[in-house]
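Asks: Next comes entry.cif, mmCIF, C-alpha atoms and all ligand atoms:
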```
data_structure
#
loop_
_atom_site.label_atom_id
_atom_site.label_comp_id
_atom_site.auth_asym_id
_atom_site.auth_seq_id
_atom_site.Cartn_x
_atom_site.Cartn_y
_atom_site.Cartn_z
CA MET A 1 0.00 0.00 0.00
CA HIS A 2 1.31 3.49 -0.79
CA PRO A 3 2.28 5.52 2.26
CA ILE A 4 -0.29 8.08 3.41
CA PRO A 5 1.48 10.96 5.18
CA PHE A 6 -0.13 12.96 7.95
CA ASN A 7 0.16 16.30 6.18
CA LYS A 8 1.30 17.66 2.84
CA PRO A 9 1.44 21.43 2.38
CA PHE A 10 -0.88 22.71 -0.34
CA LEU A 11 0.57 24.97 -3.01
CA THR A 12 -1.62 27.08 -5.27
CA GLY A 13 1.07 27.56 -7.93
CA ASN A 14 1.05 31.34 -7.59
CA GLU A 15 3.42 31.49 -4.61
CA SER A 16 6.58 31.60 -6.75
CA ILE A 17 5.04 34.14 -9.15
CA TYR A 18 4.29 36.57 -6.31
CA ILE A 19 7.68 35.90 -4.68
CA ASN A 20 9.42 36.71 -7.97
CA ASP A 21 7.37 39.88 -8.15
CA VAL A 22 8.74 40.88 -4.73
CA ILE A 23 12.31 40.02 -5.73
CA SER A 24 12.15 42.04 -8.94
CA SER A 25 10.54 44.99 -7.12
CA GLY A 26 13.77 45.39 -5.14
CA ARG A 27 11.78 46.00 -1.95
CA LEU A 28 12.30 42.94 0.22
CA SER A 29 11.67 43.97 3.82
CA GLY A 30 8.23 43.85 5.40
CA ASN A 31 5.14 46.05 5.27
CA GLY A 32 4.98 46.21 1.47
CA LYS A 33 1.97 45.74 -0.79
CA TYR A 34 1.52 41.98 -0.16
CA THR A 35 1.61 42.53 3.60
CA HIS A 36 -1.05 45.22 3.26
CA TRP A 37 -3.20 43.12 0.91
CA CYS A 38 -3.11 40.21 3.39
CA GLN A 39 -3.90 42.41 6.40
CA ASP A 40 -6.73 44.21 4.58
CA PHE A 41 -8.19 40.91 3.44
CA PHE A 42 -8.39 39.59 7.00
CA CYS A 43 -9.88 42.82 8.36
CA ASN A 44 -12.50 43.04 5.59
CA THR A 45 -13.40 39.35 5.49
CA PHE A 46 -13.56 38.55 9.19
CA GLY A 47 -14.38 41.88 10.78
CA PHE A 48 -11.05 42.23 12.62
CA LYS A 49 -10.21 45.81 13.68
CA LYS A 50 -6.52 45.84 12.85
CA CYS A 51 -4.14 43.09 11.69
CA PHE A 52 -0.35 42.80 11.88
CA LEU A 53 1.36 39.97 9.99
CA THR A 54 4.03 38.46 12.23
CA THR A 55 6.72 35.86 11.73
CA SER A 56 4.69 33.31 13.74
CA CYS A 57 1.67 32.88 15.96
CA THR A 58 4.12 32.55 18.84
CA ASP A 59 5.34 36.08 18.05
CA ALA A 60 1.78 37.38 17.91
CA LEU A 61 1.15 35.89 21.37
CA GLU A 62 4.36 37.50 22.66
CA MET A 63 3.18 40.85 21.29
CA SER A 64 -0.12 40.30 23.12
CA ALA A 65 1.67 39.72 26.41
CA ILE A 66 3.59 43.00 25.96
CA LEU A 67 0.41 44.85 24.98
CA ILE A 68 -1.59 43.83 28.03
CA ASP A 69 1.44 44.83 30.09
CA ILE A 70 2.08 41.55 31.85
CA LYS A 71 4.19 42.07 34.98
CA PRO A 72 5.82 39.44 37.17
CA GLY A 73 3.15 37.85 39.35
CA ASP A 74 0.20 38.52 37.03
CA GLU A 75 -1.89 35.44 36.45
CA ILE A 76 -3.16 34.08 33.13
CA ILE A 77 -5.87 31.45 32.91
CA LEU A 78 -5.49 29.08 29.96
CA PRO A 79 -6.24 25.48 29.03
CA SER A 80 -3.57 22.92 29.82
CA TYR A 81 -4.32 21.05 26.62
CA THR A 82 -2.58 23.43 24.21
CA PHE A 83 0.66 24.21 22.44
CA VAL A 84 3.52 25.53 24.60
CA SER A 85 3.44 28.99 22.98
CA SER A 86 0.05 29.80 24.54
CA ALA A 87 1.83 29.64 27.93
CA ASN A 88 5.41 30.65 27.07
CA ALA A 89 4.46 34.00 25.59
CA PHE A 90 3.11 35.14 28.98
CA MET A 91 5.71 33.40 31.13
CA LEU A 92 8.42 35.24 29.20
CA ARG A 93 7.05 38.42 30.78
CA GLY A 94 6.83 36.93 34.26
CA ALA A 95 3.23 35.72 34.33
CA LYS A 96 2.09 32.79 36.40
CA VAL A 97 0.06 30.37 34.29
CA VAL A 98 -3.08 28.89 35.84
CA PHE A 99 -4.38 25.89 33.95
CA ALA A 100 -8.04 25.10 33.36
CA ASP A 101 -9.31 21.70 32.31
CA SER A 102 -10.78 20.89 28.90
CA ASN A 103 -14.46 20.25 28.28
CA LYS A 104 -15.64 16.70 28.72
CA LEU A 105 -16.90 16.64 25.14
CA ASN A 106 -14.09 18.49 23.34
CA PRO A 107 -10.54 19.70 24.08
CA ASN A 108 -11.49 23.40 24.44
CA ILE A 109 -11.27 25.18 27.79
CA ASP A 110 -14.15 24.34 30.17
CA ALA A 111 -15.62 27.83 30.47
CA GLN A 112 -17.68 26.81 33.53
CA GLN A 113 -14.42 26.40 35.47
CA ILE A 114 -12.87 29.76 34.69
CA GLU A 115 -14.56 31.79 37.41
CA SER A 116 -13.23 29.51 40.17
CA LEU A 117 -9.66 30.16 38.96
CA ILE A 118 -9.89 33.95 39.03
CA THR A 119 -7.92 35.75 41.78
CA THR A 120 -7.05 39.41 42.39
CA LYS A 121 -3.91 38.82 40.29
CA THR A 122 -5.68 37.44 37.23
CA LYS A 123 -5.04 39.61 34.19
CA ALA A 124 -6.28 37.64 31.19
CA ILE A 125 -8.00 34.55 29.91
CA VAL A 126 -6.30 32.86 26.95
CA VAL A 127 -8.60 30.61 24.97
CA VAL A 128 -7.61 28.14 22.27
CA HIS A 129 -10.12 27.15 19.58
CA TYR A 130 -8.93 23.59 19.16
CA ALA A 131 -9.30 22.25 15.60
CA GLY A 132 -11.05 25.49 14.62
CA ILE A 133 -13.99 24.66 16.93
CA ALA A 134 -15.07 27.70 18.97
CA CYS A 135 -14.80 27.94 22.72
CA ASP A 136 -17.96 29.09 24.52
CA MET A 137 -17.21 32.72 23.63
CA GLU A 138 -20.43 34.31 24.89
CA LEU A 139 -19.87 32.94 28.39
CA ILE A 140 -16.12 33.65 28.32
CA MET A 141 -16.60 37.29 27.25
CA LYS A 142 -19.25 37.71 29.95
CA ILE A 143 -16.95 36.37 32.67
CA ALA A 144 -14.08 38.53 31.41
CA SER A 145 -16.12 41.69 31.41
CA ALA A 146 -17.59 40.99 34.87
CA HIS A 147 -14.04 40.62 36.28
CA ASN A 148 -12.37 43.24 34.08
CA LEU A 149 -10.03 40.75 32.40
CA TYR A 150 -8.52 40.71 28.95
CA VAL A 151 -9.37 37.91 26.55
CA ILE A 152 -6.74 36.70 24.12
CA GLU A 153 -7.74 34.15 21.51
CA ASP A 154 -5.08 31.70 20.45
CA ALA A 155 -6.80 31.30 17.10
CA ALA A 156 -3.79 29.55 15.53
CA GLN A 157 -6.07 26.81 14.13
CA ALA A 158 -9.22 28.86 13.71
CA ILE A 159 -9.00 30.72 10.40
CA ASP A 160 -12.41 31.10 8.73
CA SER A 161 -14.38 29.57 11.58
CA TYR A 162 -17.31 31.17 13.37
CA TYR A 163 -19.22 31.35 16.63
CA ILE A 164 -22.98 30.97 16.04
CA TYR A 165 -25.44 32.93 18.23
CA ALA A 166 -28.85 31.55 19.20
CA ASP A 167 -30.48 33.71 16.49
CA GLY A 168 -28.19 32.20 13.83
CA ALA A 169 -25.90 35.22 13.45
CA GLN A 170 -22.24 34.32 13.07
CA LYS A 171 -19.08 36.07 14.28
CA ALA A 172 -15.57 35.09 13.19
CA LEU A 173 -13.21 33.51 15.69
CA GLY A 174 -10.42 35.97 16.32
CA SER A 175 -12.87 38.89 16.45
CA PHE A 176 -14.01 38.35 20.07
CA GLY A 177 -10.89 38.86 22.16
CA HIS A 178 -9.20 42.18 22.85
CA LEU A 179 -6.39 40.47 20.93
CA ALA A 180 -6.10 37.30 18.85
CA ALA A 181 -3.25 35.35 17.27
CA PHE A 182 -3.32 33.25 14.09
CA SER A 183 -0.73 30.88 12.67
CA PHE A 184 0.32 30.29 9.07
CA HIS A 185 2.67 27.45 9.93
CA GLU A 186 2.98 24.74 7.27
CA THR A 187 0.52 22.51 9.17
CA LYS A 188 -2.33 25.05 9.26
CA ASN A 189 -5.15 25.40 6.67
CA ILE A 190 -3.37 28.23 4.86
CA SER A 191 0.32 28.79 5.35
CA SER A 192 3.46 30.70 4.50
CA GLY A 193 5.80 28.01 5.84
CA GLU A 194 6.19 29.87 9.08
CA GLY A 195 4.04 32.91 9.78
CA GLY A 196 1.37 34.41 11.94
CA MET A 197 -0.82 37.40 12.63
CA LEU A 198 -1.80 39.55 15.57
CA VAL A 199 -5.38 40.81 15.51
CA VAL A 200 -6.18 43.89 17.58
CA ASN A 201 -9.91 44.29 18.18
CA ASP A 202 -9.68 46.83 20.99
CA ASP A 203 -8.85 50.28 19.54
CA SER A 204 -6.95 51.32 22.63
CA PHE A 205 -4.14 48.86 21.77
CA ILE A 206 -3.58 49.94 18.16
CA ALA A 207 -1.11 52.80 18.62
CA ARG A 208 1.07 50.87 21.04
CA ALA A 209 0.91 47.74 18.84
CA GLU A 210 2.37 49.81 15.97
CA THR A 211 5.27 50.85 18.18
CA ILE A 212 6.01 47.37 19.57
CA TYR A 213 5.82 45.96 16.02
CA GLU A 214 8.47 48.48 14.89
CA LYS A 215 11.04 47.46 17.52
CA GLY A 216 9.71 49.99 20.00
CA THR A 217 10.00 53.02 17.70
CA ASN A 218 7.46 55.40 16.20
CA ARG A 219 8.63 54.51 12.69
CA THR A 220 5.01 53.90 11.59
CA GLN A 221 4.18 57.53 12.41
CA PHE A 222 7.35 58.63 10.66
CA LEU A 223 6.31 56.74 7.50
CA ARG A 224 2.91 58.45 7.75
CA LYS A 225 4.81 61.74 8.01
CA VAL A 226 3.24 62.48 11.40
CA VAL A 227 6.71 62.93 12.93
CA ASP A 228 9.93 64.02 11.16
CA LYS A 229 12.28 61.44 12.72
CA TYR A 230 11.67 58.17 14.45
CA GLN A 231 12.80 57.42 17.96
CA TRP A 232 12.80 54.86 20.73
CA MET A 233 9.40 55.12 22.45
CA ASP A 234 8.73 51.80 24.21
CA ILE A 235 9.91 48.21 24.41
CA GLY A 236 9.43 46.22 21.22
CA SER A 237 10.98 43.63 18.99
CA SER A 238 11.27 42.39 15.42
CA PHE A 239 7.90 40.79 14.69
CA MET A 240 7.47 41.72 11.01
CA PRO A 241 7.85 39.06 8.31
CA PRO A 242 9.69 39.87 5.06
CA GLU A 243 7.57 40.66 2.01
CA ILE A 244 8.43 37.28 0.45
CA VAL A 245 6.49 35.57 3.25
CA ALA A 246 3.50 37.85 2.72
CA ALA A 247 3.63 37.16 -1.05
CA PHE A 248 3.48 33.42 -0.36
CA LEU A 249 0.56 33.93 2.02
CA TRP A 250 -1.29 36.12 -0.49
CA ALA A 251 -1.32 33.24 -2.99
CA GLN A 252 -2.85 31.01 -0.31
CA ILE A 253 -5.42 33.63 0.72
CA GLN A 254 -6.66 33.86 -2.85
CA GLU A 255 -7.52 30.14 -2.67
CA LEU A 256 -8.89 30.21 0.89
CA GLN A 257 -12.51 29.42 0.03
CA GLN A 258 -11.56 26.58 -2.30
CA ILE A 259 -9.16 25.16 0.33
CA GLN A 260 -11.83 25.32 3.05
CA THR A 261 -14.55 23.75 0.91
CA HIS A 262 -12.27 20.91 -0.04
CA ARG A 263 -11.04 20.26 3.51
CA LYS A 264 -14.65 20.21 4.77
CA LYS A 265 -15.58 17.70 2.10
CA LEU A 266 -12.76 15.40 3.25
CA TRP A 267 -13.65 15.95 6.93
CA ASN A 268 -17.33 15.11 6.29
CA TYR A 269 -16.30 12.05 4.30
CA TYR A 270 -14.30 10.78 7.28
CA TYR A 271 -17.16 11.54 9.66
CA SER A 272 -19.84 9.61 7.73
CA ALA A 273 -17.49 6.74 6.98
CA LEU A 274 -16.64 6.37 10.68
CA GLU A 275 -20.05 6.78 12.32
CA ASN A 276 -20.73 3.03 12.51
CA PHE A 277 -17.20 2.32 13.64
CA SER A 278 -17.68 4.86 16.41
CA ASN A 279 -20.98 3.34 17.54
CA GLN A 280 -19.48 -0.15 17.63
CA THR A 281 -16.15 0.61 19.30
CA GLY A 282 -16.79 3.54 21.63
CA VAL A 283 -14.10 5.54 19.80
CA THR A 284 -15.65 9.01 19.60
CA LEU A 285 -15.63 11.42 16.66
CA PRO A 286 -15.16 15.21 16.99
CA TYR A 287 -17.98 16.88 18.94
CA ILE A 288 -19.04 20.20 17.40
CA PRO A 289 -21.29 22.22 19.76
CA GLN A 290 -24.33 23.93 18.24
CA TYR A 291 -22.76 27.34 18.80
CA THR A 292 -19.89 26.83 16.38
CA THR A 293 -18.88 26.06 12.82
CA HIS A 294 -15.54 24.39 12.25
CA ASN A 295 -12.92 24.73 9.54
CA ALA A 296 -11.87 21.11 9.07
CA HIS A 297 -8.46 21.87 10.50
CA ILE A 298 -8.09 18.49 12.20
CA PHE A 299 -9.96 15.19 11.99
CA TYR A 300 -9.45 13.39 15.28
CA LEU A 301 -10.66 10.35 17.18
CA VAL A 302 -10.83 9.94 20.95
CA THR A 303 -10.25 6.35 22.04
CA SER A 304 -11.48 4.87 25.33
CA ASP A 305 -7.95 4.52 26.73
CA SER A 306 -4.32 4.90 25.75
CA ARG A 307 -3.93 1.18 24.95
CA GLN A 308 -6.68 1.38 22.38
CA ARG A 309 -4.98 4.43 20.86
CA ASP A 310 -1.63 2.60 20.72
CA ASP A 311 -3.28 -0.41 19.07
CA ILE A 312 -4.99 1.75 16.46
CA THR A 313 -1.84 3.79 15.79
CA ASN A 314 0.22 0.63 15.35
CA LYS A 315 -2.34 -0.89 12.99
CA LEU A 316 -2.37 2.28 10.88
CA ASN A 317 1.43 2.51 10.89
CA GLN A 318 1.72 -1.11 9.75
CA SER A 319 -0.37 -0.09 6.73
CA ASN A 320 1.91 2.89 6.09
CA ILE A 321 -0.66 5.39 7.35
CA SER A 322 0.59 8.20 9.59
CA ALA A 323 -1.53 9.23 12.56
CA TYR A 324 -0.51 11.31 15.54
CA SER A 325 -1.54 12.11 19.06
CA HIS A 326 -1.43 15.82 19.91
CA TYR A 327 -0.59 17.86 23.01
CA GLN A 328 1.10 16.59 26.13
CA SER A 329 -0.93 18.57 28.68
CA LEU A 330 1.20 21.41 30.01
CA HIS A 331 0.29 20.83 33.67
CA ASN A 332 2.15 17.51 33.44
CA SER A 333 5.17 18.88 31.57
CA PRO A 334 8.68 18.61 33.07
CA PHE A 335 9.01 22.42 33.00
CA TYR A 336 5.74 23.14 34.82
CA LEU A 337 6.26 20.36 37.36
CA SER A 338 9.75 21.64 38.13
CA GLN A 339 8.09 24.79 39.56
CA HIS A 340 4.60 23.76 40.66
CA PRO A 341 2.88 20.95 42.52
CA MET A 342 1.05 18.28 40.58
CA VAL A 343 -2.60 19.02 39.77
CA SER A 344 -5.20 16.78 38.22
CA LEU A 345 -7.09 17.89 35.09
CA PRO A 346 -8.83 14.70 34.04
CA ASN A 347 -10.28 15.84 30.71
CA ALA A 348 -6.99 17.34 29.48
CA GLU A 349 -5.26 14.11 30.52
CA LYS A 350 -7.84 12.10 28.60
CA TYR A 351 -7.08 14.04 25.39
CA THR A 352 -3.35 13.67 25.99
CA ASP A 353 -3.77 9.90 26.28
CA CYS A 354 -6.58 9.22 23.84
CA LEU A 355 -6.78 11.81 21.06
CA LEU A 356 -5.52 10.61 17.68
CA ARG A 357 -5.28 12.79 14.57
CA LEU A 358 -5.80 11.19 11.16
CA PRO A 359 -4.25 12.43 7.88
CA LEU A 360 -6.06 15.49 6.51
CA PHE A 361 -4.60 17.65 3.74
CA HIS A 362 -5.71 19.09 0.44
CA SER A 363 -4.36 16.40 -1.88
CA LEU A 364 -5.69 13.52 0.26
CA GLN A 365 -8.07 11.47 -1.91
CA THR A 366 -11.40 10.03 -0.79
CA ASN A 367 -10.08 6.58 -1.72
CA ASP A 368 -7.17 7.20 0.68
CA ILE A 369 -9.81 7.85 3.34
CA ASP A 370 -11.53 4.59 2.32
CA LEU A 371 -8.22 2.77 2.95
CA ILE A 372 -7.77 4.46 6.33
CA VAL A 373 -11.34 3.65 7.35
CA ASP A 374 -10.97 0.01 6.19
CA CYS A 375 -7.81 -0.28 8.24
CA LEU A 376 -9.55 1.18 11.32
CA ILE A 377 -12.52 -1.15 10.97
C1 LIG A 401 0.33 26.12 15.61
C2 LIG A 401 -0.06 26.64 16.93
C3 LIG A 401 0.68 27.63 17.59
C4 LIG A 401 2.02 28.11 17.12
O1 LIG A 401 2.01 28.68 15.87
P1 LIG A 401 3.41 29.16 15.25
O2 LIG A 401 2.96 29.97 14.07
O3 LIG A 401 4.15 27.92 14.86
O4 LIG A 401 4.12 29.96 16.26
C5 LIG A 401 0.21 28.15 18.78
N1 LIG A 401 -0.95 27.71 19.32
C6 LIG A 401 -1.69 26.74 18.72
C7 LIG A 401 -2.98 26.32 19.36
C8 LIG A 401 -1.26 26.17 17.53
O5 LIG A 401 -1.99 25.20 16.96
#
```
Rewrite the structure of this file - the entire thing - as structure tokens.

Replies:
Amino acid sequence: MHPIPFNKPFLTGNESIYINDVISSGRLSGNGKYTHWCQDFFCNTFGFKKCFLTTSCTDALEMSAILIDIKPGDEIILPSYTFVSSANAFMLRGAKVVFADSNKLNPNIDAQQIESLITTKTKAIVVVHYAGIACDMELIMKIASAHNLYVIEDAAQAIDSYYIYADGAQKALGSFGHLAAFSFHETKNISSGEGGMLVVNDDSFIARAETIYEKGTNRTQFLRKVVDKYQWMDIGSSFMPPEIVAAFLWAQIQELQQIQTHRKKLWNYYYSALENFSNQTGVTLPYIPQYTTHNAHIFYLVTSDSRQRDDITNKLNQSNISAYSHYQSLHNSPFYLSQHPMVSLPNAEKYTDCLLRLPLFHSLQTNDIDLIVDCLI
């Protein structure tokens, strides 16, 4: 049987054309026309206030931590079942991370638990929309506003996915939080190899975000001819990607709808093909609450225990099919445990032990999915 990889980056064919355009323009650094086209697209399409392309989602999260002025001792509430960057970005500025458990029915933060974790030192809630499936944003925004906390969405996986209100209205993920961070890493639905974006939805952060983005200077105002020289105004760093990265991303953005439609078709194909298998084996399929769309970022199974996951993974691997677990919950990481006592977060631990991601990428064929499903059955 031919090997089925876990992921294969999708190329539209226009990436090299736009990159050559940048090279021949002689203007290679960031903030050129492709950067602006990408940023404008995201603002106009998803209702984001202001967008800054960054070199990664990790960088965008680090910018967020600077923007909300994290000081040593401030506390951040976030799910344990997430990528290290959701925590690191805040710890780099001295924050203490306070982990919440996942939902019983999906890996997102259990919003019901958040209030019990709030103290006088809590500064922000960081939510992660796992697999592009929304967290309970109405409840989370309500809690945040009642306690005067910032909300930062780690929307790394959540491009083109929406929260659905009871009346059917939809609002894009990444447009709820004061700040949000997206990733264009090779493994995400659209990519630039490495890349990311900071979304600023709260106007009061925009001016300072421009400064931090420009290494702590008022160069943006200088370029707008508001000031006649640019100077050191604040802390900052180098978060801006070169124009070549933006050119690559622009090619992907132009195909976004086609990419999403195709991924959803493959995701739905998996789901229908595995419904019986799920009923017979107790292996569960992704749970999508009524209040959210999803963007087919990940197709995952949750087995009943880690042995069942190992058995399934081995069976798939023997047939040359790649399948992967996902996060090692951060509350059980060597780094966290070297500084904190052990805590128990049973749902996060369940996803660490039992979640298995199946291959899902643009050039995956439905007959590949048939082979994967046959192997599982
Ligand atoms: C991919 C991912 C990141 C990191 O993105 P980079 O662009 O690689 O920095 C952060 N958080 C989550 C939830 C992710 O899936």

Asks: Which one is closest to ligand LIG 401 (chain A): A:Arg208, A:His297, A:His178, A:Lys33? Count only C-alpha atoms and all ligand atoms.

Replies: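 The shortest atom-to-atom distance to ligand LIG 401 (chain A) comes from A:His297.
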
Asks: One number please: atom CA of A:Tyr291 to atom CA of A:Val98, in Å, one decimal.

Replies: 26.1 Å

Asks: Work out where the centre of an axis-aligned box around every listed atom of ligand LIG 401 (chain A) lies and how long its edges are once 3 Å is added on each side; give both in Å to one decimal as AutoDock Vina command-line options.

Replies:
```
--center_x 0.6 --center_y 27.6 --center_z 16.7 --size_x 13.1 --size_y 10.8 --size_z 11.3
```

Asks: So the first atom is atom CA of A:Phe176 and the second is atom CA of A:Glu210; what is the distance between them in Å, to one decimal place?

Replies: 20.4 Å

Asks: Using all atoms listed in the file, find the one residue out of A:Leu249, A:Leu223, A:Ala111, A:Ala181 that sits nearest to A:Cys57.

Replies: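 Going through A:Leu249, A:Leu223, A:Ala111, A:Ala181 one by one, the smallest distance to A:Cys57 is for A:Ala181.
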
Asks: Within 9 Å of ligand LIG 401 (chain A), counting all atoms listed in the file, which protein or nucleic acid residues do you find, written as a PyMOL selection string?

Replies: chain A and resi 54-61+82-86+128-131+154-158+181-188+193-197

Asks: So that I can see what lies close to stretch 36-40 of chain A, please list as an NGL selection string the residues with an atom at most 7 Å from it, counting only C-alpha atoms and leaving out residues fewer than 6 positions away in the same chain.

Replies: :A and (51-53 or 250)

Asks: Near A:Ile68, counting all atoms listed in the file, which residues have an atom at most 9 Å away, once you skip same-chain residues fewer than 2 positions from it, shown as a ChimeraX atom specification?

Replies: /A:63-66,70,123-124,150,205

Asks: Using all atoms listed in the file for the distances, tell me which of A:Val373, A:Cys43, A:Val200, A:Ala323 is nearest to A:Ser272.

Replies: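 Of A:Val373, A:Cys43, A:Val200, A:Ala323, the one nearest A:Ser272 is A:Val373, counting all atoms listed in the file.
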
Asks: Go through A:Asn7, A:Ala172, A:Ser102, A:Gly13 one by one, measure the shortest atom-to-atom distance of each to A:Thr45 using all atoms listed in the file, and give the residue with the smallest value.

Replies: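 Residue with the minimum atom-to-atom distance to A:Thr45: A:Ala172.
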